[in-house]
>>> print(open('start_20.cif').read())   # mmCIF, C-alpha atoms
data_data
loop_
_atom_site.label_atom_id
_atom_site.label_comp_id
_atom_site.auth_asym_id
_atom_site.auth_seq_id
_atom_site.Cartn_x
_atom_site.Cartn_y
_atom_site.Cartn_z
CA MET Z 8 -10.81 16.23 39.39
CA THR Z 9 -10.16 12.53 39.12
CA THR Z 10 -6.89 11.86 37.32
CA ALA Z 11 -5.85 8.80 35.38
CA ALA Z 12 -3.78 7.65 38.37
CA ASP Z 13 -6.92 7.72 40.53
CA PHE Z 14 -8.80 5.69 37.95
CA ALA Z 15 -5.94 3.18 37.91
CA MET Z 16 -6.20 2.87 41.71
CA GLN Z 17 -9.97 2.34 41.42
CA LEU Z 18 -9.26 -0.39 38.91
CA LYS Z 19 -6.80 -1.98 41.35
CA ALA Z 20 -9.29 -1.69 44.19
CA GLU Z 21 -11.86 -3.57 42.11
CA PHE Z 22 -9.66 -6.32 40.73
CA GLY Z 23 -6.91 -6.55 43.35
CA GLU Z 24 -3.96 -8.72 42.45
CA LEU Z 25 -4.98 -8.92 38.81
CA ILE Z 26 -3.92 -5.31 38.31
CA SER Z 27 -0.31 -4.25 38.79
CA GLU Z 28 0.82 -1.06 40.48
CA PRO Z 29 0.24 1.85 38.06
CA THR Z 30 3.43 3.13 36.46
CA GLU Z 31 3.81 6.66 35.23
CA PHE Z 32 5.98 7.69 32.32
CA ARG Z 33 5.87 11.26 31.02
CA GLY Z 34 2.48 11.80 32.56
CA GLU Z 35 0.97 8.65 31.06
CA ILE Z 36 -0.43 5.99 33.37
CA THR Z 37 0.00 2.32 32.53
CA VAL Z 38 -1.30 -0.70 34.39
CA ASN Z 39 -0.47 -4.31 33.62
CA ILE Z 40 -3.11 -7.03 33.76
CA ALA Z 41 -1.65 -10.32 34.90
CA ASP Z 42 -4.23 -12.63 33.37
CA ALA Z 43 -4.95 -11.88 29.69
CA SER Z 44 -8.12 -13.97 29.77
CA ARG Z 45 -9.78 -11.40 32.07
CA ILE Z 46 -9.03 -8.34 29.93
CA ALA Z 47 -12.62 -8.09 28.72
CA GLU Z 48 -14.10 -7.72 32.19
CA VAL Z 49 -11.46 -5.16 33.16
CA CYS Z 50 -12.34 -3.18 30.05
CA GLU Z 51 -16.03 -3.55 30.82
CA PHE Z 52 -15.45 -2.05 34.25
CA ALA Z 53 -13.22 0.70 32.86
CA LYS Z 54 -15.86 1.74 30.40
CA HIS Z 55 -19.02 1.54 32.48
CA GLU Z 56 -17.77 2.40 35.98
CA LEU Z 57 -14.74 4.62 35.23
CA GLY Z 58 -16.12 6.36 32.14
CA PHE Z 59 -13.47 5.36 29.60
CA ASP Z 60 -15.94 5.54 26.76
CA TYR Z 61 -13.41 5.69 23.93
CA LEU Z 62 -10.87 3.10 22.82
CA LEU Z 63 -8.07 4.94 21.00
CA ASP Z 64 -6.13 1.95 19.77
CA ILE Z 65 -5.14 -1.63 20.33
CA SER Z 66 -1.55 -2.46 19.49
CA THR Z 67 0.67 -5.46 19.94
CA LEU Z 68 4.35 -5.89 20.69
CA ASP Z 69 6.57 -8.79 19.78
CA HIS Z 70 9.19 -9.47 22.49
CA TYR Z 71 10.94 -11.97 20.27
CA GLY Z 72 12.89 -14.57 22.23
CA GLU Z 73 11.09 -13.90 25.51
CA ASP Z 74 8.21 -15.70 27.09
CA PRO Z 75 5.42 -14.60 27.03
CA ARG Z 76 6.18 -13.38 23.57
CA PHE Z 77 3.46 -10.84 22.84
CA SER Z 78 2.10 -7.81 24.63
CA VAL Z 79 -1.33 -6.45 23.81
CA VAL Z 80 -1.77 -2.77 24.62
CA TYR Z 81 -5.12 -1.03 25.01
CA GLU Z 82 -5.16 2.76 24.85
CA LEU Z 83 -8.22 3.95 26.71
CA SER Z 84 -9.54 7.46 26.65
CA SER Z 85 -12.56 9.33 27.86
CA ILE Z 86 -14.44 12.04 26.06
CA SER Z 87 -16.32 12.99 29.23
CA HIS Z 88 -13.43 13.38 31.71
CA GLN Z 89 -10.50 13.78 29.26
CA GLN Z 90 -8.18 11.21 30.84
CA ASN Z 91 -6.08 8.52 29.18
CA LEU Z 92 -5.21 5.13 30.59
CA ARG Z 93 -3.10 2.35 29.12
CA LEU Z 94 -3.77 -1.32 29.82
CA LYS Z 95 -1.16 -3.93 29.00
CA THR Z 96 -1.35 -7.68 29.06
CA GLN Z 97 0.84 -10.53 27.91
CA VAL Z 98 0.11 -13.59 25.81
CA THR Z 99 2.32 -16.50 24.92
CA GLU Z 100 2.92 -17.71 21.40
CA GLU Z 101 1.40 -21.15 22.04
CA HIS Z 102 -1.80 -19.84 23.62
CA GLY Z 103 -1.91 -16.53 21.76
CA GLU Z 104 -5.51 -15.80 22.59
CA VAL Z 105 -7.15 -12.82 24.23
CA PRO Z 106 -10.88 -12.37 24.75
CA THR Z 107 -12.31 -9.78 22.42
CA VAL Z 108 -13.39 -6.36 23.68
CA THR Z 109 -15.70 -5.75 20.72
CA GLY Z 110 -18.57 -6.18 23.17
CA VAL Z 111 -17.27 -3.19 25.13
CA TRP Z 112 -16.18 -0.85 22.35
CA ARG Z 113 -17.37 -1.60 18.82
CA THR Z 114 -14.32 0.16 17.41
CA ALA Z 115 -12.21 -2.71 18.73
CA ASP Z 116 -13.43 -4.78 15.79
CA TRP Z 117 -10.93 -3.44 13.24
CA HIS Z 118 -8.17 -2.85 15.80
CA GLU Z 119 -8.28 -6.50 16.76
CA ARG Z 120 -8.42 -7.61 13.14
CA GLU Z 121 -5.29 -5.57 12.46
CA ALA Z 122 -3.52 -7.03 15.48
CA TYR Z 123 -4.45 -10.50 14.29
CA ASP Z 124 -3.40 -9.77 10.70
CA MET Z 125 -0.01 -8.28 11.53
CA MET Z 126 1.00 -10.19 14.67
CA GLY Z 127 -1.11 -13.34 14.77
CA VAL Z 128 -2.66 -12.75 18.19
CA LYS Z 129 -6.12 -14.29 18.21
CA PHE Z 130 -9.12 -12.65 19.84
CA THR Z 131 -11.67 -15.18 21.05
CA GLY Z 132 -15.29 -14.25 20.53
CA HIS Z 133 -14.52 -11.72 17.79
CA PRO Z 134 -17.46 -11.54 15.33
CA ASN Z 135 -15.27 -11.53 12.21
CA LEU Z 136 -11.62 -12.28 12.88
CA THR Z 137 -10.32 -12.14 9.31
CA ARG Z 138 -7.33 -10.39 7.82
CA ILE Z 139 -7.81 -6.68 7.27
CA LEU Z 140 -4.66 -5.45 5.46
CA MET Z 141 -3.31 -8.59 3.88
CA TRP Z 142 -5.59 -10.96 1.99
CA GLU Z 143 -7.24 -14.18 3.10
CA GLY Z 144 -4.83 -17.04 2.60
CA TYR Z 145 -1.64 -15.05 3.21
CA PRO Z 146 0.30 -17.45 5.40
CA HIS Z 147 2.53 -15.14 7.47
CA PHE Z 148 2.22 -12.45 10.12
CA PRO Z 149 4.42 -9.64 8.77
CA LEU Z 150 5.07 -7.56 11.90
CA ARG Z 151 6.54 -10.45 13.86
CA LYS Z 152 10.22 -9.93 14.42
CA ASP Z 153 11.22 -13.23 12.84
CA PHE Z 154 9.53 -12.19 9.60
CA PRO Z 155 12.12 -10.73 7.20
CA LEU Z 156 11.48 -7.20 5.98
CA GLU Z 157 11.88 -8.24 2.35
CA GLY Z 158 9.03 -10.72 2.75
CA LYS Z 159 8.64 -14.30 1.67
CA PRO Z 160 7.37 -15.64 -1.64
CA THR Z 161 3.71 -16.65 -1.45
CA GLU Z 162 0.94 -17.32 -3.92
CA VAL Z 163 -2.82 -17.35 -3.50
CA PRO Z 164 -4.20 -18.07 -6.99
CA ASP Z 165 -6.41 -15.29 -8.42
CA VAL Z 166 -6.00 -13.23 -5.26
CA ALA Z 167 -2.44 -12.06 -4.84
CA PHE Z 168 1.16 -13.16 -4.84
CA THR Z 169 4.24 -11.85 -3.08
CA GLN Z 170 7.92 -12.06 -3.89
CA THR Z 171 11.08 -11.32 -1.99
CA ALA Z 172 12.10 -7.68 -2.29
CA PRO Z 173 15.72 -6.99 -3.32
CA MET Z 174 17.15 -5.30 -0.24
CA GLU Z 175 20.45 -4.24 -1.86
CA GLY Z 176 22.16 -3.62 1.45
CA GLY Z 177 19.36 -1.89 3.26
CA PRO Z 178 17.19 -0.78 5.00
CA PHE Z 179 18.26 -2.32 8.24
CA VAL Z 180 16.76 -3.80 11.37
CA THR Z 181 18.63 -2.26 14.26
CA ILE Z 182 19.69 -4.26 17.30
CA ALA Z 183 20.48 -2.17 20.36
CA SER Z 184 24.07 -2.89 21.44
CA ASN Z 185 27.51 -1.32 21.63
CA GLU Z 186 28.84 -3.42 18.78
CA ASN Z 187 29.82 -2.02 15.41
CA THR Z 188 27.32 -1.12 12.72
CA THR Z 189 27.53 -4.48 10.98
CA VAL Z 190 26.34 -6.21 14.13
CA ARG Z 191 23.84 -3.53 15.11
CA GLU Z 192 22.21 -3.31 11.71
CA PRO Z 193 22.06 -6.74 10.09
CA ARG Z 194 20.20 -7.23 6.84
CA ARG Z 195 17.58 -9.09 8.84
CA ARG Z 196 17.14 -11.10 12.00
CA ASN Z 197 17.34 -14.79 11.42
CA PRO Z 198 15.62 -16.91 14.06
CA GLU Z 199 18.25 -19.63 13.53
CA ASP Z 200 21.04 -17.17 14.39
CA GLY Z 201 19.55 -16.71 17.86
CA GLN Z 202 19.55 -12.91 17.54
CA MET R 17 4.38 39.99 -44.39
CA THR R 18 2.66 37.12 -46.11
CA GLN R 19 3.71 33.54 -46.40
CA LYS R 20 4.47 32.77 -50.06
CA THR R 21 5.63 29.20 -49.86
CA GLU R 22 2.85 26.62 -49.88
CA ILE R 23 3.74 23.33 -48.36
CA GLY R 24 2.21 19.96 -47.55
CA TYR R 25 -1.36 19.14 -48.45
CA ASN R 26 -2.04 22.54 -49.92
CA SER R 27 0.55 22.09 -52.64
CA LYS R 28 -0.78 22.95 -56.11
CA VAL R 29 1.33 20.17 -57.57
CA GLU R 30 -0.61 17.49 -55.73
CA GLY R 31 -3.98 19.20 -55.74
CA GLU R 32 -5.04 18.66 -52.11
CA VAL R 33 -4.03 15.01 -52.19
CA ILE R 34 -1.68 13.54 -49.62
CA HIS R 35 0.55 10.61 -50.28
CA THR R 36 1.53 8.65 -47.23
CA THR R 37 1.74 5.13 -45.92
CA VAL R 38 -1.00 3.46 -43.90
CA ASP R 39 1.45 3.06 -41.06
CA ALA R 40 2.23 6.75 -40.93
CA ALA R 41 -1.43 7.76 -41.08
CA VAL R 42 -2.69 5.25 -38.51
CA ASN R 43 0.16 5.96 -36.14
CA TRP R 44 -0.46 9.69 -36.52
CA PHE R 45 -4.10 9.19 -35.51
CA ARG R 46 -3.14 6.99 -32.61
CA LYS R 47 -0.36 9.02 -31.13
CA ASN R 48 -2.33 12.22 -31.07
CA SER R 49 -5.34 10.85 -29.21
CA MET R 50 -3.92 8.59 -26.54
CA TRP R 51 -6.59 8.42 -23.89
CA PRO R 52 -5.07 7.61 -20.52
CA MET R 53 -6.34 5.19 -17.93
CA PRO R 54 -5.25 7.09 -14.80
CA MET R 55 -4.07 4.37 -12.43
CA GLY R 56 -3.40 6.85 -9.64
CA LEU R 57 -2.38 4.87 -6.57
CA ALA R 58 -0.33 7.33 -4.51
CA CYS R 59 1.20 10.81 -4.57
CA CYS R 60 2.16 10.42 -8.25
CA GLY R 61 -1.56 10.55 -8.94
CA ILE R 62 -1.61 14.14 -7.71
CA GLU R 63 1.12 15.10 -10.16
CA LEU R 64 -0.79 13.30 -12.88
CA MET R 65 -3.83 15.43 -12.03
CA ALA R 66 -1.62 18.52 -12.25
CA ALA R 67 -0.47 17.36 -15.68
CA GLY R 68 -4.10 17.28 -16.72
CA CYS R 69 -4.88 20.76 -15.42
CA SER R 70 -4.52 24.03 -17.27
CA ARG R 71 -0.98 25.00 -16.25
CA PHE R 72 0.58 21.93 -17.84
CA ASP R 73 -2.39 20.88 -19.99
CA ILE R 74 -1.96 17.34 -21.22
CA SER R 75 -4.60 18.10 -23.87
CA ARG R 76 -1.88 19.76 -25.94
CA PHE R 77 -0.81 16.18 -26.64
CA GLY R 78 -4.28 14.79 -27.25
CA SER R 79 -4.41 12.95 -23.94
CA GLU R 80 -6.85 15.06 -21.97
CA VAL R 81 -9.59 12.45 -22.05
CA MET R 82 -8.90 10.56 -18.82
CA ARG R 83 -11.03 7.47 -19.09
CA PHE R 84 -11.96 5.70 -15.92
CA SER R 85 -13.09 2.73 -17.94
CA PRO R 86 -10.30 0.50 -19.24
CA ARG R 87 -12.45 -0.33 -22.29
CA GLN R 88 -12.10 3.22 -23.60
CA SER R 89 -8.46 3.93 -22.83
CA ASP R 90 -5.27 3.45 -24.79
CA VAL R 91 -2.49 4.06 -22.29
CA MET R 92 -2.46 3.05 -18.66
CA ILE R 93 -0.44 5.51 -16.56
CA VAL R 94 0.50 3.62 -13.42
CA ALA R 95 1.08 6.51 -11.04
CA GLY R 96 2.08 5.36 -7.59
CA THR R 97 2.96 2.48 -5.30
CA VAL R 98 1.59 -0.84 -6.47
CA THR R 99 1.06 -3.11 -3.49
CA TYR R 100 0.75 -6.84 -3.97
CA LYS R 101 -2.87 -6.54 -2.91
CA MET R 102 -3.47 -3.99 -5.69
CA ALA R 103 -1.33 -5.81 -8.25
CA THR R 104 -4.13 -8.22 -9.15
CA ALA R 105 -6.49 -5.32 -9.84
CA VAL R 106 -3.87 -3.50 -11.93
CA LYS R 107 -3.32 -6.62 -14.00
CA ARG R 108 -7.05 -7.14 -14.44
CA ILE R 109 -7.57 -3.54 -15.60
CA TYR R 110 -4.71 -3.90 -18.05
CA ASP R 111 -6.27 -7.09 -19.39
CA GLN R 112 -9.60 -5.31 -19.87
CA MET R 113 -8.06 -2.61 -22.07
CA VAL R 114 -8.50 -3.12 -25.79
CA GLU R 115 -5.58 -3.43 -28.17
CA PRO R 116 -3.55 -1.50 -29.01
CA LYS R 117 -2.56 -0.55 -25.47
CA TRP R 118 0.47 0.94 -23.81
CA VAL R 119 1.69 1.39 -20.26
CA ILE R 120 3.59 4.24 -18.67
CA ALA R 121 5.22 3.50 -15.31
CA MET R 122 5.21 6.87 -13.61
CA GLY R 123 7.62 7.47 -10.76
CA ALA R 124 10.04 5.38 -8.74
CA CYS R 125 7.45 3.13 -7.08
CA ALA R 126 5.71 2.03 -10.26
CA SER R 127 9.04 1.58 -12.02
CA SER R 128 10.96 -0.35 -9.37
CA GLY R 129 9.15 -0.37 -6.04
CA GLY R 130 10.93 2.85 -5.13
CA MET R 131 11.80 3.28 -1.50
CA TYR R 132 9.46 0.45 -0.50
CA ARG R 133 11.75 -2.54 -0.23
CA SER R 134 9.01 -4.32 1.58
CA TYR R 135 7.01 -7.52 1.82
CA ALA R 136 3.89 -5.61 0.76
CA VAL R 137 4.98 -3.74 -2.37
CA LEU R 138 5.38 -5.05 -5.91
CA GLN R 139 8.92 -4.27 -7.01
CA GLY R 140 8.04 -2.63 -10.30
CA VAL R 141 4.83 -2.85 -12.29
CA ASP R 142 6.78 -4.40 -15.18
CA GLN R 143 6.58 -7.68 -13.30
CA ILE R 144 2.91 -7.97 -14.18
CA VAL R 145 2.35 -5.79 -17.28
CA PRO R 146 4.65 -4.78 -20.17
CA VAL R 147 5.85 -1.21 -19.67
CA ASP R 148 6.64 1.09 -22.60
CA VAL R 149 7.95 4.18 -20.83
CA TYR R 150 9.41 4.62 -17.35
CA ILE R 151 9.32 8.11 -15.84
CA ALA R 152 11.90 8.82 -13.15
CA GLY R 153 11.06 10.95 -10.12
CA CYS R 154 9.50 10.73 -6.71
CA PRO R 155 7.05 12.00 -7.76
CA PRO R 156 7.93 13.22 -11.27
CA ARG R 157 7.05 16.78 -12.20
CA PRO R 158 4.15 17.16 -14.63
CA GLU R 159 6.68 18.20 -17.27
CA ALA R 160 8.28 14.79 -16.85
CA VAL R 161 4.91 13.14 -17.38
CA LEU R 162 4.48 15.11 -20.60
CA GLU R 163 8.02 14.19 -21.64
CA GLY R 164 7.19 10.54 -21.03
CA LEU R 165 4.03 10.90 -23.06
CA MET R 166 5.99 12.45 -25.92
CA LYS R 167 8.49 9.58 -25.76
CA LEU R 168 5.58 7.16 -26.02
CA GLN R 169 4.19 9.14 -28.97
CA GLY R 170 7.56 8.80 -30.65
CA LYS R 171 7.46 5.08 -30.04
CA VAL R 172 3.90 4.76 -31.36
CA ALA R 173 4.84 6.74 -34.46
CA LYS R 174 7.39 4.10 -35.40
CA GLU R 175 5.18 1.04 -34.94
CA PRO R 176 4.94 -1.07 -38.11
CA TRP R 177 1.19 -1.47 -37.78
CA ALA R 178 0.22 -2.24 -41.39
CA LYS R 179 3.19 -4.48 -41.96
CA GLN R 180 2.05 -6.66 -39.09
CA HIS R 181 -1.63 -6.73 -40.03
CA PHE R 182 -1.53 -6.88 -43.82
CA LYS R 183 1.15 -9.32 -44.73
CA PRO R 184 1.57 -9.58 -48.51
CA THR R 185 0.25 -12.91 -49.72
CA ALA R 186 2.31 -14.96 -52.10
CA GLN R 187 0.68 -15.22 -55.56
#
>>> encode(input="start_20.cif", output="structure tokens")
Amino acid sequence: MTTAADFAMQLKAEFGELISEPTEFRGEITVNIADASRIAEVCEFAKHELGFDYLLDISTLDHYGEDPRFSVVYELSSISHQQNLRLKTQVTEEHGEVPTVTGVWRTADWHEREAYDMMGVKFTGHPNLTRILMWEGYPHFPLRKDFPLEGKPTEVPDVAFTQTAPMEGGPFVTIASNENTTVREPRRRNPEDGQ
Amino acid sequence: MTQKTEIGYNSKVEGEVIHTTVDAAVNWFRKNSMWPMPMGLACCGIELMAAGCSRFDISRFGSEVMRFSPRQSDVMIVAGTVTYKMATAVKRIYDQMVEPKWVIAMGACASSGGMYRSYAVLQGVDQIVPVDVYIAGCPPRPEAVLEGLMKLQGKVAKEPWAKQHFKPTAQ
């Protein structure tokens, strides 16, 4: 039986330097794709040659303060051979664009819209890259780490408004460190504080 | 054992005639047929459904006619988390209800935003519509919903309806 690690090696054999060495964590295989602009052709190959006929999810990570800032994660699965594979790629904040994979899996349509809505990563070639959870005209990307949990006041007339939520001392955004609780769990992360 | 004392409208003294004020009569009609607009937005909506079912039976209070049209309802029961995206719709439905109209904020979320101190959740439905009764709980038991309804009935019973609408004109 061909395992996910074998599929990852096939992917590396096809694309060479573009694909990193597969890493395994708790039985899950992850490969990193160096050039985000070629993600669509990697996915195309994974679907049609390796049989990954099902896209479970697309998610994004915000490595705030690092460059490149965002990771885009593709969770691939196969109904025919029952293997999972994870593809990761990085995009910078300035050129936050990834080619769409809606041409490979149609389900990517809403996943990419959600990633755009929450994190602001753009997907070039997407047929309808509009907000999916928030409304058109909302000016922020709420899952970015420099966005405060309590929100920011906005107003789109006749559509929706938002106000700042009273946090009243919590809940907190935890920062991993050995410092005391006040440092570890500030009310929010301010970009100007350099946290 | 038979009841000897005759009271109220059946009194022989008054001969099947009731004396009351317009306010008392109109408010009595109103408070005993408050048709709810079930604005069920989250888990509170399930408890609201339970309040309508036979075990708790909201029809004992004249409110069994859940109207899904705002034009036919008297009291909007906001049951659940009101997101900012939904807030516009809630406001619009409230505006479509005919006067007189009342609002019950059911549960923590509708009353204050509840546990959702978040960019996405309206921090209390009273920011967009006037609320008459707040019901505590997460979600409240159906008994609490009925208690809230009875509180609202008590409030309706005291409304000076006629005094507001028929002001005595100076001769």
>>> resolve_selection(input="start_20.cif", expression="the PyMOL selection byres ((chain Z and resi 117) around 12)", output="count of residues only")
29
>>> resolve_selection(input="start_20.cif", expression="the PyMOL selection byres ((chain R) within 7 of (chain Z))", output="list in words")
Tyr100, Lys101, Thr104, Arg133, Ser134, Tyr135 and Gln139 of chain R
>>> atom_distance(input="start_20.cif", atom1="atom CA of R:Ser89", atom2="atom CA of R:Met113")
6.6 Å
>>> resolve_selection(input="start_20.cif", expression="the PyMOL selection byres ((chain R and resi 41-53) around 7)", output="NGL selection string")
:R and (36-40 or 54-55 or 77-84 or 86 or 89-93 or 169 or 172-173)
>>> closest_residue(input="start_20.cif", among="Z:His70, Z:His88, Z:Arg93, Z:His55", to="Z:Val111", atoms="all atoms listed in the file")
Z:His55
>>> atom_distance(input="start_20.cif", atom1="atom CA of Z:Glu162", atom2="atom CA of Z:His147")
11.7 Å
>>> atom_distance(input="start_20.cif", atom1="atom CA of R:Thr99", atom2="atom CA of R:Leu138")
5.3 Å
>>> closest_residue(input="start_20.cif", among="R:Glu163, R:Ala124, R:Glu175, R:Phe72", to="R:Val98", atoms="all atoms listed in the file")
R:Ala124
>>> residues_around(input="start_20.cif", residues="R:Ala121", least_positions_apart="5", cutoff="6 Å", atoms="only C-alpha atoms", output="PyMOL selection string")
chain R and resi 94+126-127+150
>>> decode(input="start_20.cif", residues="stretch 160-171 of chain R", atoms="N, CA, C and O atoms", output="compact mmCIF listing (two decimals), in the first residue's frame")
# COMPACT_ATOMS: atom_id res chain seq x y z
N ALA R 160 -38.28 29.97 33.37
CA ALA R 160 -37.81 31.36 33.42
C ALA R 160 -38.43 32.17 32.29
O ALA R 160 -38.73 33.35 32.45
N VAL R 161 -38.60 31.53 31.14
CA VAL R 161 -39.24 32.22 30.03
C VAL R 161 -40.67 32.59 30.41
O VAL R 161 -41.13 33.72 30.17
N LEU R 162 -41.38 31.64 31.04
CA LEU R 162 -42.75 31.90 31.45
C LEU R 162 -42.79 32.99 32.52
O LEU R 162 -43.67 33.85 32.51
N GLU R 163 -41.82 32.95 33.43
CA GLU R 163 -41.73 34.00 34.45
C GLU R 163 -41.53 35.36 33.80
O GLU R 163 -42.17 36.35 34.17
N GLY R 164 -40.65 35.40 32.80
CA GLY R 164 -40.43 36.65 32.09
C GLY R 164 -41.68 37.13 31.39
O GLY R 164 -42.00 38.33 31.40
N LEU R 165 -42.40 36.18 30.81
CA LEU R 165 -43.66 36.53 30.14
C LEU R 165 -44.68 37.09 31.13
O LEU R 165 -45.38 38.07 30.85
N MET R 166 -44.72 36.48 32.33
CA MET R 166 -45.65 36.96 33.35
C MET R 166 -45.25 38.36 33.83
O MET R 166 -46.11 39.21 34.09
N LYS R 167 -43.94 38.60 33.93
CA LYS R 167 -43.48 39.94 34.29
C LYS R 167 -43.93 40.95 33.24
O LYS R 167 -44.37 42.06 33.57
N LEU R 168 -43.82 40.56 31.98
CA LEU R 168 -44.23 41.46 30.90
C LEU R 168 -45.74 41.68 30.95
O LEU R 168 -46.21 42.80 30.75
N GLN R 169 -46.49 40.63 31.28
CA GLN R 169 -47.94 40.78 31.42
C GLN R 169 -48.27 41.77 32.52
O GLN R 169 -49.17 42.61 32.37
N GLY R 170 -47.52 41.67 33.63
CA GLY R 170 -47.71 42.62 34.71
C GLY R 170 -47.42 44.04 34.28
O GLY R 170 -48.11 44.99 34.68
N LYS R 171 -46.42 44.19 33.43
CA LYS R 171 -46.06 45.52 32.94
C LYS R 171 -47.14 46.05 32.00
O LYS R 171 -47.54 47.21 32.09
